[in-house]
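Here's coords.cif, which has mmCIF, C-alpha atoms and all ligand atoms:
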data_model
loop_
_atom_site.label_atom_id
_atom_site.label_comp_id
_atom_site.auth_asym_id
_atom_site.auth_seq_id
_atom_site.Cartn_x
_atom_site.Cartn_y
_atom_site.Cartn_z
CA MET B 1 0.00 0.00 0.00
CA THR B 2 1.54 3.31 -1.01
CA PHE B 3 -1.12 5.55 0.40
CA ASP B 4 -3.19 5.09 3.56
CA ILE B 5 -6.38 6.99 3.02
CA ALA B 6 -7.41 6.29 6.63
CA GLU B 7 -4.77 8.77 7.76
CA HIS B 8 -7.02 11.41 6.22
CA PHE B 9 -10.10 10.38 8.19
CA ARG B 10 -11.43 12.58 10.98
CA ASP B 11 -9.71 11.88 14.26
CA ASP B 12 -12.91 11.49 16.32
CA LEU B 13 -14.22 8.33 14.64
CA PRO B 14 -15.43 5.27 16.58
CA GLU B 15 -13.06 2.31 16.71
CA ALA B 16 -13.26 0.20 13.54
CA PRO B 17 -14.51 -3.35 14.19
CA GLY B 18 -12.21 -6.36 13.78
CA GLN B 19 -12.84 -9.07 11.19
CA TRP B 20 -16.37 -10.47 11.40
CA GLN B 21 -16.49 -13.79 13.22
CA SER B 22 -19.40 -16.19 13.15
CA SER B 23 -21.31 -16.61 16.41
CA PRO B 24 -20.22 -19.19 18.98
CA GLU B 25 -22.46 -22.14 19.87
CA PHE B 26 -24.21 -20.38 22.76
CA SER B 27 -24.53 -16.80 21.58
CA PHE B 28 -26.84 -15.13 24.08
CA VAL B 29 -26.02 -11.59 22.90
CA GLY B 30 -27.87 -9.27 20.55
CA GLY B 31 -31.53 -9.43 19.66
CA HIS B 32 -31.72 -12.30 17.21
CA ASN B 33 -34.87 -14.21 16.41
CA ASP B 34 -35.09 -18.00 15.94
CA PRO B 35 -34.89 -19.14 12.28
CA ALA B 36 -37.73 -21.56 13.13
CA ASN B 37 -40.00 -18.58 13.88
CA ILE B 38 -39.41 -16.54 10.72
CA PRO B 39 -42.54 -16.63 8.51
CA PHE B 40 -40.45 -16.76 5.35
CA SER B 41 -42.91 -18.71 3.26
CA GLY B 42 -45.75 -16.24 4.00
CA LEU B 43 -43.37 -13.36 3.36
CA SER B 44 -42.15 -14.76 0.04
CA GLU B 45 -45.69 -15.38 -1.16
CA ALA B 46 -46.63 -11.83 -0.15
CA LEU B 47 -43.61 -10.39 -1.90
CA VAL B 48 -44.30 -12.24 -5.14
CA ASN B 49 -47.93 -11.11 -5.10
CA VAL B 50 -47.18 -7.49 -4.43
CA LEU B 51 -44.34 -7.37 -6.96
CA ARG B 52 -46.59 -8.79 -9.67
CA ARG B 53 -49.08 -6.05 -8.89
CA GLU B 54 -46.85 -3.05 -8.16
CA GLY B 55 -43.28 -4.04 -9.02
CA GLN B 56 -43.00 -1.49 -11.82
CA ASN B 57 -43.05 1.23 -9.13
CA LEU B 58 -39.54 0.14 -8.10
CA ALA B 59 -38.54 2.48 -10.93
CA PHE B 60 -39.14 5.40 -8.59
CA TYR B 61 -37.56 6.45 -5.32
CA ASN B 62 -40.10 5.66 -2.58
CA LEU B 63 -42.07 3.67 -5.18
CA GLY B 64 -43.25 7.01 -6.54
CA GLY B 65 -45.15 7.66 -3.30
CA SER B 66 -44.68 9.55 -0.06
CA PRO B 67 -41.15 9.83 1.35
CA LEU B 68 -42.68 8.87 4.73
CA GLY B 69 -42.81 5.27 3.47
CA TYR B 70 -45.14 2.92 1.60
CA GLU B 71 -48.63 4.12 2.46
CA PRO B 72 -50.35 0.71 2.94
CA LEU B 73 -47.65 -0.20 5.48
CA ARG B 74 -47.99 3.12 7.32
CA GLU B 75 -51.75 2.50 7.32
CA PHE B 76 -51.18 -0.95 8.89
CA VAL B 77 -48.76 0.49 11.45
CA ILE B 78 -51.15 3.15 12.69
CA SER B 79 -54.45 1.32 12.39
CA GLN B 80 -53.37 -2.12 13.62
CA LEU B 81 -50.08 -1.86 15.52
CA GLY B 82 -51.03 1.57 16.85
CA ALA B 83 -54.42 0.19 17.93
CA ARG B 84 -52.71 -2.65 19.84
CA ALA B 85 -51.05 0.11 21.90
CA GLY B 86 -54.27 2.16 22.20
CA MET B 87 -53.16 4.81 19.71
CA THR B 88 -55.23 6.54 17.07
CA GLY B 89 -54.18 8.70 14.14
CA GLY B 90 -53.49 8.48 10.45
CA PRO B 91 -50.61 7.44 8.19
CA ASP B 92 -49.16 10.96 8.17
CA GLN B 93 -48.20 10.43 11.81
CA VAL B 94 -46.02 7.47 10.79
CA LEU B 95 -42.50 7.61 9.38
CA MET B 96 -41.03 4.28 8.21
CA VAL B 97 -37.36 4.01 9.12
CA SER B 98 -34.50 1.57 8.50
CA GLY B 99 -34.81 -0.23 11.84
CA SER B 100 -35.78 1.62 14.97
CA LEU B 101 -32.08 2.44 15.37
CA GLN B 102 -32.65 5.03 12.68
CA ALA B 103 -35.52 6.37 14.78
CA LEU B 104 -33.09 6.80 17.69
CA ASP B 105 -30.66 8.62 15.40
CA LEU B 106 -33.30 10.92 13.91
CA VAL B 107 -34.84 11.86 17.25
CA ASN B 108 -31.41 12.41 18.76
CA GLU B 109 -30.38 14.56 15.83
CA ALA B 110 -33.56 16.60 16.13
CA MET B 111 -33.29 17.11 19.88
CA LEU B 112 -29.73 16.82 21.16
CA SER B 113 -26.51 18.81 21.04
CA ALA B 114 -23.22 18.04 22.77
CA GLY B 115 -23.40 19.05 26.42
CA ASP B 116 -27.17 18.43 26.74
CA THR B 117 -28.60 16.25 29.49
CA VAL B 118 -31.15 13.44 29.10
CA LEU B 119 -32.86 11.12 31.56
CA ILE B 120 -32.74 7.41 30.91
CA GLU B 121 -33.53 4.17 32.74
CA GLN B 122 -30.53 3.00 34.82
CA ALA B 123 -30.49 -0.28 32.89
CA THR B 124 -31.25 0.35 29.25
CA TYR B 125 -30.50 -0.46 25.63
CA GLY B 126 -26.72 -0.36 25.08
CA GLY B 127 -27.25 0.97 21.54
CA MET B 128 -28.78 4.12 23.02
CA LEU B 129 -25.99 4.57 25.57
CA SER B 130 -23.32 4.30 22.88
CA ARG B 131 -25.17 6.88 20.78
CA LEU B 132 -25.41 9.33 23.66
CA ASN B 133 -21.72 8.84 24.45
CA ARG B 134 -20.80 9.58 20.86
CA LEU B 135 -22.95 12.73 20.85
CA GLY B 136 -21.30 14.04 24.02
CA VAL B 137 -24.64 14.09 25.83
CA THR B 138 -24.79 13.64 29.62
CA TYR B 139 -27.24 11.00 30.80
CA VAL B 140 -28.73 10.69 34.24
CA GLY B 141 -29.89 7.19 35.20
CA ILE B 142 -33.29 6.73 36.81
CA GLU B 143 -33.77 3.79 39.15
CA LEU B 144 -36.01 0.92 38.12
CA ASP B 145 -38.15 -1.53 40.04
CA ASP B 146 -40.36 -4.36 38.83
CA GLY B 147 -42.82 -1.81 37.38
CA GLY B 148 -40.18 0.18 35.49
CA ILE B 149 -39.16 3.76 36.30
CA ASP B 150 -39.23 4.66 40.01
CA LEU B 151 -41.20 7.91 39.92
CA GLY B 152 -39.89 9.07 43.31
CA HIS B 153 -36.36 8.88 41.98
CA LEU B 154 -37.36 10.55 38.72
CA ARG B 155 -38.92 13.44 40.65
CA SER B 156 -35.85 13.88 42.83
CA MET B 157 -33.56 13.90 39.77
CA LEU B 158 -35.81 16.45 38.05
CA GLU B 159 -35.74 18.65 41.16
CA ASP B 160 -32.00 18.26 41.44
CA LEU B 161 -31.40 19.19 37.80
CA ALA B 162 -33.82 22.12 38.01
CA SER B 163 -31.88 23.46 41.01
CA GLN B 164 -28.77 23.47 38.79
CA GLY B 165 -30.69 25.21 35.99
CA VAL B 166 -30.65 22.08 33.79
CA SER B 167 -33.71 21.10 31.72
CA PRO B 168 -33.27 17.55 30.42
CA LYS B 169 -34.01 17.31 26.70
CA TYR B 170 -36.04 14.12 27.06
CA LEU B 171 -36.73 11.00 29.08
CA TYR B 172 -35.95 7.89 27.03
CA THR B 173 -38.00 4.95 28.26
CA ILE B 174 -38.86 1.40 27.22
CA PRO B 175 -42.02 0.99 29.30
CA THR B 176 -43.39 -2.20 27.74
CA VAL B 177 -40.96 -5.11 28.05
CA GLN B 178 -38.07 -3.04 29.27
CA ASN B 179 -34.67 -3.91 27.78
CA PRO B 180 -32.95 -5.53 29.66
CA THR B 181 -35.18 -6.12 32.72
CA GLY B 182 -38.30 -7.40 30.91
CA SER B 183 -40.70 -5.39 33.13
CA VAL B 184 -43.94 -3.78 31.96
CA MET B 185 -44.91 -0.45 33.52
CA PRO B 186 -48.44 -0.67 34.96
CA LEU B 187 -51.18 1.66 33.75
CA GLU B 188 -51.39 3.82 36.87
CA ARG B 189 -47.65 4.45 36.85
CA ARG B 190 -47.85 5.44 33.18
CA ARG B 191 -50.48 8.04 34.04
CA ALA B 192 -48.42 9.33 36.96
CA LEU B 193 -45.30 9.46 34.76
CA LEU B 194 -47.14 11.60 32.23
CA ASP B 195 -48.36 13.92 35.01
CA LEU B 196 -44.79 14.35 36.22
CA ALA B 197 -43.50 14.91 32.69
CA ARG B 198 -46.15 17.61 32.17
CA GLU B 199 -45.26 19.26 35.47
CA TYR B 200 -41.64 19.57 34.30
CA SER B 201 -42.32 20.11 30.55
CA LEU B 202 -40.26 16.98 29.94
CA PRO B 203 -40.54 15.40 26.48
CA ILE B 204 -40.80 11.60 26.46
CA PHE B 205 -39.14 9.38 23.87
CA GLU B 206 -40.96 6.05 24.12
CA ASP B 207 -39.34 2.98 22.57
CA GLU B 208 -41.70 0.01 22.22
CA CYS B 209 -39.39 -2.32 20.34
CA TYR B 210 -40.65 -5.46 22.17
CA ALA B 211 -44.19 -4.41 23.04
CA ASP B 212 -45.91 -6.79 20.61
CA LEU B 213 -44.32 -9.71 22.47
CA THR B 214 -45.92 -9.55 25.91
CA TRP B 215 -47.21 -12.30 28.15
CA GLY B 216 -47.98 -12.48 31.83
CA CYS B 217 -49.97 -9.22 31.66
CA GLU B 218 -52.39 -7.25 29.53
CA ARG B 219 -50.40 -4.86 27.37
CA PRO B 220 -51.17 -1.39 28.76
CA PRO B 221 -51.77 1.55 26.41
CA SER B 222 -48.57 3.27 25.33
CA LEU B 223 -47.56 6.57 26.92
CA ARG B 224 -48.25 8.20 23.57
CA ALA B 225 -51.80 6.78 23.62
CA LEU B 226 -52.38 8.01 27.18
CA ASP B 227 -50.98 11.43 26.29
CA GLY B 228 -53.78 11.86 23.70
CA ASP B 229 -53.41 15.25 22.06
CA GLY B 230 -50.83 16.31 24.65
CA GLY B 231 -47.95 16.40 22.16
CA GLN B 232 -45.45 15.24 24.81
CA VAL B 233 -44.45 11.83 23.41
CA ILE B 234 -42.49 10.61 20.38
CA TYR B 235 -43.02 6.87 19.93
CA CYS B 236 -40.95 4.32 18.02
CA GLY B 237 -41.48 0.65 17.24
CA SER B 238 -39.90 -2.06 15.13
CA PHE B 239 -40.60 -5.16 13.07
CA SER B 240 -37.19 -6.56 14.11
CA LYS B 241 -38.40 -8.57 17.07
CA SER B 242 -41.95 -9.29 15.92
CA VAL B 243 -41.03 -10.44 12.40
CA ALA B 244 -37.30 -10.35 11.53
CA PRO B 245 -34.33 -8.12 12.38
CA SER B 246 -32.76 -8.42 8.93
CA LEU B 247 -35.72 -6.62 7.38
CA ARG B 248 -34.39 -3.41 8.97
CA LEU B 249 -37.83 -1.89 9.34
CA GLY B 250 -39.03 0.29 12.16
CA TYR B 251 -41.32 3.28 12.53
CA VAL B 252 -41.82 6.52 14.39
CA ILE B 253 -45.29 7.64 15.44
CA ALA B 254 -45.55 11.30 16.38
CA ASP B 255 -47.50 14.45 15.59
CA ASP B 256 -47.46 15.48 11.91
CA HIS B 257 -45.10 18.43 12.33
CA VAL B 258 -42.65 16.28 14.29
CA ILE B 259 -42.75 13.58 11.62
CA ARG B 260 -42.08 16.15 8.91
CA GLN B 261 -39.13 17.56 10.85
CA LEU B 262 -37.66 14.08 11.28
CA LEU B 263 -38.18 13.49 7.56
CA ALA B 264 -36.06 16.56 6.83
CA LEU B 265 -33.22 14.85 8.72
CA LYS B 266 -33.69 11.49 6.98
CA THR B 267 -31.29 11.90 4.10
CA ASP B 268 -31.23 8.30 2.81
CA ALA B 269 -33.74 8.85 -0.04
CA GLY B 270 -36.17 6.37 1.52
CA THR B 271 -36.21 3.15 3.53
CA GLY B 272 -35.91 -0.07 1.50
CA SER B 273 -39.04 -0.74 -0.53
CA LEU B 274 -38.96 -4.53 -0.99
CA GLU B 275 -39.32 -5.14 2.74
CA GLN B 276 -42.03 -2.50 3.05
CA LEU B 277 -43.98 -4.06 0.19
CA ALA B 278 -43.63 -7.56 1.64
CA LEU B 279 -44.76 -6.55 5.13
CA ALA B 280 -47.64 -4.41 3.87
CA GLU B 281 -48.92 -7.42 1.95
CA TYR B 282 -48.22 -10.01 4.67
CA CYS B 283 -49.17 -8.25 7.87
CA PRO B 284 -52.83 -7.23 7.62
CA SER B 285 -54.06 -10.83 7.59
CA ASN B 286 -51.11 -12.63 9.21
CA PHE B 287 -49.44 -10.45 11.84
CA GLU B 288 -51.80 -11.30 14.71
CA SER B 289 -51.59 -15.07 14.30
CA HIS B 290 -47.83 -14.96 13.65
CA VAL B 291 -47.17 -12.91 16.79
CA GLU B 292 -49.39 -15.20 18.85
CA ARG B 293 -47.33 -18.23 17.77
CA LEU B 294 -44.05 -16.38 18.28
CA THR B 295 -45.05 -15.20 21.74
CA ASP B 296 -46.01 -18.74 22.79
CA ALA B 297 -42.63 -20.00 21.60
CA LEU B 298 -40.78 -17.18 23.38
CA LYS B 299 -42.61 -17.79 26.64
CA THR B 300 -41.54 -21.45 26.55
CA LYS B 301 -37.92 -20.37 25.97
CA SER B 302 -38.13 -17.74 28.69
CA ASP B 303 -39.46 -20.28 31.22
CA ALA B 304 -36.67 -22.68 30.24
CA MET B 305 -34.01 -20.02 30.69
CA VAL B 306 -35.32 -18.73 34.02
CA ASP B 307 -35.58 -22.34 35.34
CA ALA B 308 -32.09 -23.14 34.07
CA VAL B 309 -30.58 -20.01 35.67
CA ARG B 310 -32.26 -20.76 39.01
CA SER B 311 -31.24 -24.40 39.07
CA GLU B 312 -27.70 -24.01 37.64
CA PHE B 313 -26.61 -20.87 39.52
CA GLY B 314 -28.48 -21.36 42.79
CA PRO B 315 -29.87 -18.66 45.10
CA ASP B 316 -26.90 -16.24 44.96
CA VAL B 317 -27.78 -15.23 41.41
CA THR B 318 -31.22 -13.69 40.99
CA VAL B 319 -33.39 -13.46 37.90
CA GLU B 320 -36.93 -12.17 37.42
CA ALA B 321 -39.15 -13.88 34.86
CA PRO B 322 -39.62 -11.29 32.06
CA MET B 323 -43.13 -10.27 31.02
CA GLY B 324 -42.29 -10.63 27.34
CA GLY B 325 -39.52 -10.14 24.83
CA ILE B 326 -36.30 -12.09 24.45
CA TYR B 327 -34.02 -11.30 27.43
CA VAL B 328 -33.38 -12.15 31.05
CA TRP B 329 -31.34 -9.91 33.36
CA LEU B 330 -29.26 -11.65 36.00
CA THR B 331 -27.93 -10.07 39.21
CA PHE B 332 -24.84 -11.59 40.82
CA PRO B 333 -23.57 -11.12 44.39
CA GLU B 334 -22.07 -7.80 45.44
CA GLY B 335 -18.46 -7.47 44.24
CA THR B 336 -18.93 -9.58 41.07
CA ASP B 337 -17.76 -8.15 37.75
CA THR B 338 -19.49 -10.18 35.04
CA ALA B 339 -17.09 -8.82 32.38
CA SER B 340 -14.27 -10.59 34.21
CA PHE B 341 -15.51 -14.02 33.12
CA SER B 342 -16.66 -13.08 29.61
CA SER B 343 -13.44 -14.23 27.92
CA ALA B 344 -13.48 -17.55 29.79
CA ALA B 345 -17.11 -17.87 28.66
CA ALA B 346 -16.11 -17.06 25.05
CA SER B 347 -13.50 -19.85 25.17
CA ALA B 348 -16.31 -22.20 26.20
CA GLY B 349 -18.43 -21.03 23.25
CA ILE B 350 -20.71 -18.71 25.24
CA GLU B 351 -21.41 -15.02 24.65
CA PHE B 352 -23.39 -12.74 26.96
CA ASN B 353 -23.77 -8.99 27.45
CA PRO B 354 -21.96 -7.82 30.60
CA GLY B 355 -24.29 -5.53 32.58
CA ALA B 356 -21.93 -2.53 32.68
CA GLU B 357 -22.55 -1.94 28.97
CA TRP B 358 -26.30 -1.93 29.56
CA SER B 359 -26.25 0.47 32.52
CA THR B 360 -25.97 4.23 32.95
CA ASP B 361 -23.64 3.57 35.90
CA PRO B 362 -21.18 0.81 34.96
CA GLY B 363 -20.31 0.39 38.67
CA TRP B 364 -23.95 -0.51 39.37
CA GLY B 365 -24.27 -2.64 36.26
CA LYS B 366 -21.10 -4.69 36.53
CA ARG B 367 -22.59 -7.39 38.74
CA ARG B 368 -25.36 -7.93 36.21
CA LEU B 369 -25.58 -9.52 32.80
CA ARG B 370 -28.10 -9.97 30.02
CA LEU B 371 -28.90 -13.19 28.18
CA CYS B 372 -30.99 -13.38 24.99
CA PHE B 373 -33.08 -16.55 24.71
CA GLY B 374 -34.84 -15.59 21.45
CA ALA B 375 -32.64 -17.41 18.97
CA HIS B 376 -32.10 -20.76 20.70
CA SER B 377 -33.95 -24.01 21.20
CA VAL B 378 -34.96 -25.01 24.73
CA GLU B 379 -32.25 -27.71 24.68
CA ASP B 380 -29.56 -25.18 23.73
CA ILE B 381 -30.81 -22.76 26.36
CA ARG B 382 -30.47 -25.44 29.06
CA ALA B 383 -27.06 -26.58 27.82
CA GLY B 384 -25.75 -23.01 27.38
CA VAL B 385 -26.86 -21.84 30.82
CA ALA B 386 -25.31 -24.97 32.41
CA ALA B 387 -22.06 -24.24 30.56
CA LEU B 388 -22.11 -20.61 31.71
CA ALA B 389 -22.71 -21.68 35.32
CA THR B 390 -19.65 -23.97 35.04
CA VAL B 391 -17.53 -21.05 33.77
CA TYR B 392 -18.79 -18.87 36.63
CA GLY B 393 -18.10 -21.63 39.19
CA GLU B 394 -14.53 -22.00 37.87
CA HIS B 395 -14.12 -18.23 37.98
CA LEU B 396 -15.24 -18.21 41.64
CA GLY B 397 -12.91 -21.12 42.40
CA GLY B 398 -9.99 -19.30 40.79
CA SER B 399 -10.59 -15.83 42.24
C1 LIG B 401 -34.89 -1.01 23.03
C2 LIG B 401 -34.38 -1.14 21.63
N1 LIG B 401 -34.61 -0.14 20.76
C3 LIG B 401 -34.18 -0.22 19.48
C4 LIG B 401 -33.49 -1.32 19.03
C5 LIG B 401 -33.04 -1.35 17.60
O1 LIG B 401 -33.73 -2.30 16.88
P1 LIG B 401 -33.93 -2.28 15.30
O2 LIG B 401 -33.08 -1.19 14.73
O3 LIG B 401 -33.54 -3.62 14.85
O4 LIG B 401 -35.39 -1.97 15.11
C6 LIG B 401 -33.23 -2.39 19.90
C7 LIG B 401 -32.51 -3.58 19.43
O5 LIG B 401 -32.25 -4.53 20.10
C8 LIG B 401 -33.69 -2.29 21.24
O6 LIG B 401 -33.47 -3.26 22.12
#

Could you write out this file's structure as structure tokens?
Ligand SMILES: Cc1ncc(COP(=O)(O)O)c(C=O)c1O
Amino acid sequence: MTFDIAEHFRDDLPEAPGQWQSSPEFSFVGGHNDPANIPFSGLSEALVNVLRREGQNLAFYNLGGSPLGYEPLREFVISQLGARAGMTGGPDQVLMVSGSLQALDLVNEAMLSAGDTVLIEQATYGGMLSRLNRLGVTYVGIELDDGGIDLGHLRSMLEDLASQGVSPKYLYTIPTVQNPTGSVMPLERRRALLDLAREYSLPIFEDECYADLTWGCERPPSLRALDGDGGQVIYCGSFSKSVAPSLRLGYVIADDHVIRQLLALKTDAGTGSLEQLALAEYCPSNFESHVERLTDALKTKSDAMVDAVRSEFGPDVTVEAPMGGIYVWLTFPEGTDTASFSSAAASAGIEFNPGAEWSTDPGWGKRRLRLCFGAHSVEDIRAGVAALATVYGEHLGGS
């Protein structure tokens, strides 16, 4: 090489990843689905049908339609997915995005500048924490209990920040099947949260990535639904967990003027059309039954993982059964650092997410870890958890 173009890159870039490696046998990281639960034959039939009917529109950016996304899909999102969360509205309140990660980026770009402060659940989606770090935004962690955000703690943080003259730009929350804890915020707490947010003029960014996959409770209305015409909540959702992550399809639901402002920031000339066409054709008559089957399968896996953790690790390691989704969140005894046995686990073919990366305060998170059960069979879940418990036991023996 005579010239290294990378020397001319900006000097504030994130670290480049190493060579891609295939996943180990027991990969409990990330948010993968199970190949057995992907409705690929229904999707392929839908795609063929819709392409025969409308395929010539691939000639145009956005299929020749609205840059907000394919209208029949936006119609499905608001009238059926929105209705599942108690929301009303029309397709102009929906922006289709390339995975809900793009929703996080667009909302962050619209609302945040370096030096701003946001409020966020003390255990939360690592992909949001890494984004906030990159933006130079300060985040304040709010304590959680088994019903989600502790409103007493939220109020005291709001008071504290107000006394320093700081107005947080938003509260980011995952109220329905919290990632990573798996809790669902009860209805009364949602109402009280909105009251508090109104008292402090605090915008809410609600992420309902897992909300279609609930069990063990009735799904409460979303914060956006409860806010009505209040204008306080931007909502995002995703097809990644309910159908397939590789589709890269998510959506934002917000008031029209907010959607249009986000659209002005979405400079990718439109989210992929083939996946929008396929889902718009597949979902209206198949989504409900597909999600019912998927949820049953996930509950079986969740029960298997919770049982395996309890029996393999014993009483020193605690786990709450999640109320939906694809993760369990384990808490180890005081003084444990779960990252310290992640390389021993990797050598045994096991990957997990150390809790520090999923926590606003790494010191609080380091005795925790997250396991994803979504992609594995019950047999692999049992075998993988047993193997992880062996690694942990050896780590304890050696430390
Ligand atoms: C809470 C939360 N939000 C957003 C995302 C991003 O998902 P996607 O971009 O696949 O829709 C994830 C992925 O795991 C997540 O857990």

For chain B versus ligand LIG 401 (chain B), which residues have an atom no more than 9 Å away, and what is each residue's nearest atom pair and distance in Å rounded to one decimal, using only C-alpha atoms and all ligand atoms, chain-then-number order, as a Markdown table?
| residue | atom | partner | partner_atom | distance |
| --- | --- | --- | --- | --- |
| B:Gly30 | CA | B:LIG401 | O5 | 6.5 |
| B:Gly31 | CA | B:LIG401 | O5 | 5.0 |
| B:His32 | CA | B:LIG401 | O5 | 8.3 |
| B:Val97 | CA | B:LIG401 | O4 | 8.7 |
| B:Ser98 | CA | B:LIG401 | O2 | 7.0 |
| B:Gly99 | CA | B:LIG401 | O2 | 3.5 |
| B:Ser100 | CA | B:LIG401 | O4 | 3.6 |
| B:Leu101 | CA | B:LIG401 | O2 | 3.8 |
| B:Gln102 | CA | B:LIG401 | O2 | 6.6 |
| B:Ala103 | CA | B:LIG401 | O2 | 7.9 |
| B:Leu104 | CA | B:LIG401 | C3 | 7.3 |
| B:Thr124 | CA | B:LIG401 | C1 | 7.3 |
| B:Tyr125 | CA | B:LIG401 | C1 | 5.1 |
| B:Gly126 | CA | B:LIG401 | O6 | 7.9 |
| B:Gly127 | CA | B:LIG401 | C6 | 7.1 |
| B:Met128 | CA | B:LIG401 | N1 | 7.6 |
| B:Thr173 | CA | B:LIG401 | C1 | 8.5 |
| B:Ile174 | CA | B:LIG401 | C1 | 6.3 |
| B:Val177 | CA | B:LIG401 | C1 | 8.9 |
| B:Gln178 | CA | B:LIG401 | C1 | 7.3 |
| B:Asn179 | CA | B:LIG401 | C1 | 5.6 |
| B:Pro180 | CA | B:LIG401 | O6 | 7.9 |
| B:Asp207 | CA | B:LIG401 | N1 | 5.9 |
| B:Glu208 | CA | B:LIG401 | C1 | 6.9 |
| B:Cys209 | CA | B:LIG401 | N1 | 5.3 |
| B:Tyr210 | CA | B:LIG401 | C1 | 7.3 |
| B:Cys236 | CA | B:LIG401 | N1 | 8.2 |
| B:Gly237 | CA | B:LIG401 | O4 | 7.0 |
| B:Ser238 | CA | B:LIG401 | O4 | 4.5 |
| B:Phe239 | CA | B:LIG401 | O4 | 6.4 |
| B:Ser240 | CA | B:LIG401 | O3 | 4.7 |
| B:Lys241 | CA | B:LIG401 | O3 | 7.3 |
| B:Ala244 | CA | B:LIG401 | O3 | 8.4 |
| B:Pro245 | CA | B:LIG401 | O3 | 5.2 |
| B:Ser246 | CA | B:LIG401 | O3 | 7.7 |
| B:Leu247 | CA | B:LIG401 | O3 | 8.3 |
| B:Arg248 | CA | B:LIG401 | O3 | 5.9 |
| B:Leu249 | CA | B:LIG401 | O4 | 6.3 |
| B:Gly250 | CA | B:LIG401 | O4 | 5.2 |
| B:Tyr251 | CA | B:LIG401 | O4 | 8.3 |

Atoms to include: C-alpha atoms. Write the selected residues as a CSV table (one decimal), in the coordinates of the input.
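Generated file (result.csv):
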chain,number,residue,atom,x,y,z
B,30,GLY,CA,-27.9,-9.3,20.6
B,31,GLY,CA,-31.5,-9.4,19.7
B,32,HIS,CA,-31.7,-12.3,17.2
B,97,VAL,CA,-37.4,4.0,9.1
B,98,SER,CA,-34.5,1.6,8.5
B,99,GLY,CA,-34.8,-0.2,11.8
B,100,SER,CA,-35.8,1.6,15.0
B,101,LEU,CA,-32.1,2.4,15.4
B,102,GLN,CA,-32.6,5.0,12.7
B,103,ALA,CA,-35.5,6.4,14.8
B,104,LEU,CA,-33.1,6.8,17.7
B,124,THR,CA,-31.2,0.4,29.2
B,125,TYR,CA,-30.5,-0.5,25.6
B,126,GLY,CA,-26.7,-0.4,25.1
B,127,GLY,CA,-27.2,1.0,21.5
B,128,MET,CA,-28.8,4.1,23.0
B,173,THR,CA,-38.0,5.0,28.3
B,174,ILE,CA,-38.9,1.4,27.2
B,177,VAL,CA,-41.0,-5.1,28.0
B,178,GLN,CA,-38.1,-3.0,29.3
B,179,ASN,CA,-34.7,-3.9,27.8
B,180,PRO,CA,-33.0,-5.5,29.7
B,207,ASP,CA,-39.3,3.0,22.6
B,208,GLU,CA,-41.7,0.0,22.2
B,209,CYS,CA,-39.4,-2.3,20.3
B,210,TYR,CA,-40.6,-5.5,22.2
B,236,CYS,CA,-41.0,4.3,18.0
B,237,GLY,CA,-41.5,0.6,17.2
B,238,SER,CA,-39.9,-2.1,15.1
B,239,PHE,CA,-40.6,-5.2,13.1
B,240,SER,CA,-37.2,-6.6,14.1
B,241,LYS,CA,-38.4,-8.6,17.1
B,244,ALA,CA,-37.3,-10.4,11.5
B,245,PRO,CA,-34.3,-8.1,12.4
B,246,SER,CA,-32.8,-8.4,8.9
B,247,LEU,CA,-35.7,-6.6,7.4
B,248,ARG,CA,-34.4,-3.4,9.0
B,249,LEU,CA,-37.8,-1.9,9.3
B,250,GLY,CA,-39.0,0.3,12.2
B,251,TYR,CA,-41.3,3.3,12.5

d(atom CA of Arg53 of chain B, atom CA of Arg74 of chain B) in Å: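 About the pair atom CA of Arg53 of chain B and atom CA of Arg74 of chain B: they are 18.7 Å apart.
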
Who sits within 10 Å of Val317 of chain B, only C-alpha atoms, same chain under 6 positions skipped, as a VMD selection string: chain B and resid 309 to 310 330 to 333 367 to 368

Convert the current residue selection to file output with C-alpha atoms, as a PDB file, keeping the file's coordinate frame.
ATOM      1  CA  VAL B 309     -30.580 -20.010  35.670  1.00  0.00           C
ATOM      2  CA  ARG B 310     -32.260 -20.760  39.010  1.00  0.00           C
ATOM      3  CA  LEU B 330     -29.260 -11.650  36.000  1.00  0.00           C
ATOM      4  CA  THR B 331     -27.930 -10.070  39.210  1.00  0.00           C
ATOM      5  CA  PHE B 332     -24.840 -11.590  40.820  1.00  0.00           C
ATOM      6  CA  PRO B 333     -23.570 -11.120  44.390  1.00  0.00           C
ATOM      7  CA  ARG B 367     -22.590  -7.390  38.740  1.00  0.00           C
ATOM      8  CA  ARG B 368     -25.360  -7.930  36.210  1.00  0.00           C
TER       9      ARG B 368
END

Interatomic distance, atom CA of Val166 of chain B to atom CA of Leu202 of chain B (Å, one decimal):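 We find that atom CA of Val166 of chain B and atom CA of Leu202 of chain B lie 11.5 Å from each other.
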
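Between atom CA of Val29 of chain B and atom CA of Glu394 of chain B there is a distance of 21.6 Å.
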
Compile a residue-level contact table for segment 70-91 of chain B against segment 215-235 of chain B at a cut-off of 6 Å, reporting for every qualifying residue the shortest atom pair and its distance in Å to one decimal, with all atoms listed in the file counted, rows ordered by chain and ascending number, as a tab-separated table.
residue	atom	partner	partner_atom	distance
B:Ala85	CA	B:Pro221	CA	4.8
B:Gly86	CA	B:Pro221	CA	4.9
B:Met87	CA	B:Ala225	CA	4.6

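Ranking B:Leu47, B:Ser311, B:Ser183, B:Ser27 by their shortest atom-to-atom distance to Gly384 of chain B, with all atoms listed in the file included, puts B:Ser27 first.
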
Spatial sel., origin (-49.6, -1.6, 6.7), limit 9 Å, all atoms listed in the file, listed as a PyMOL selection string: chain B and resi 70-81+276-277+279-284
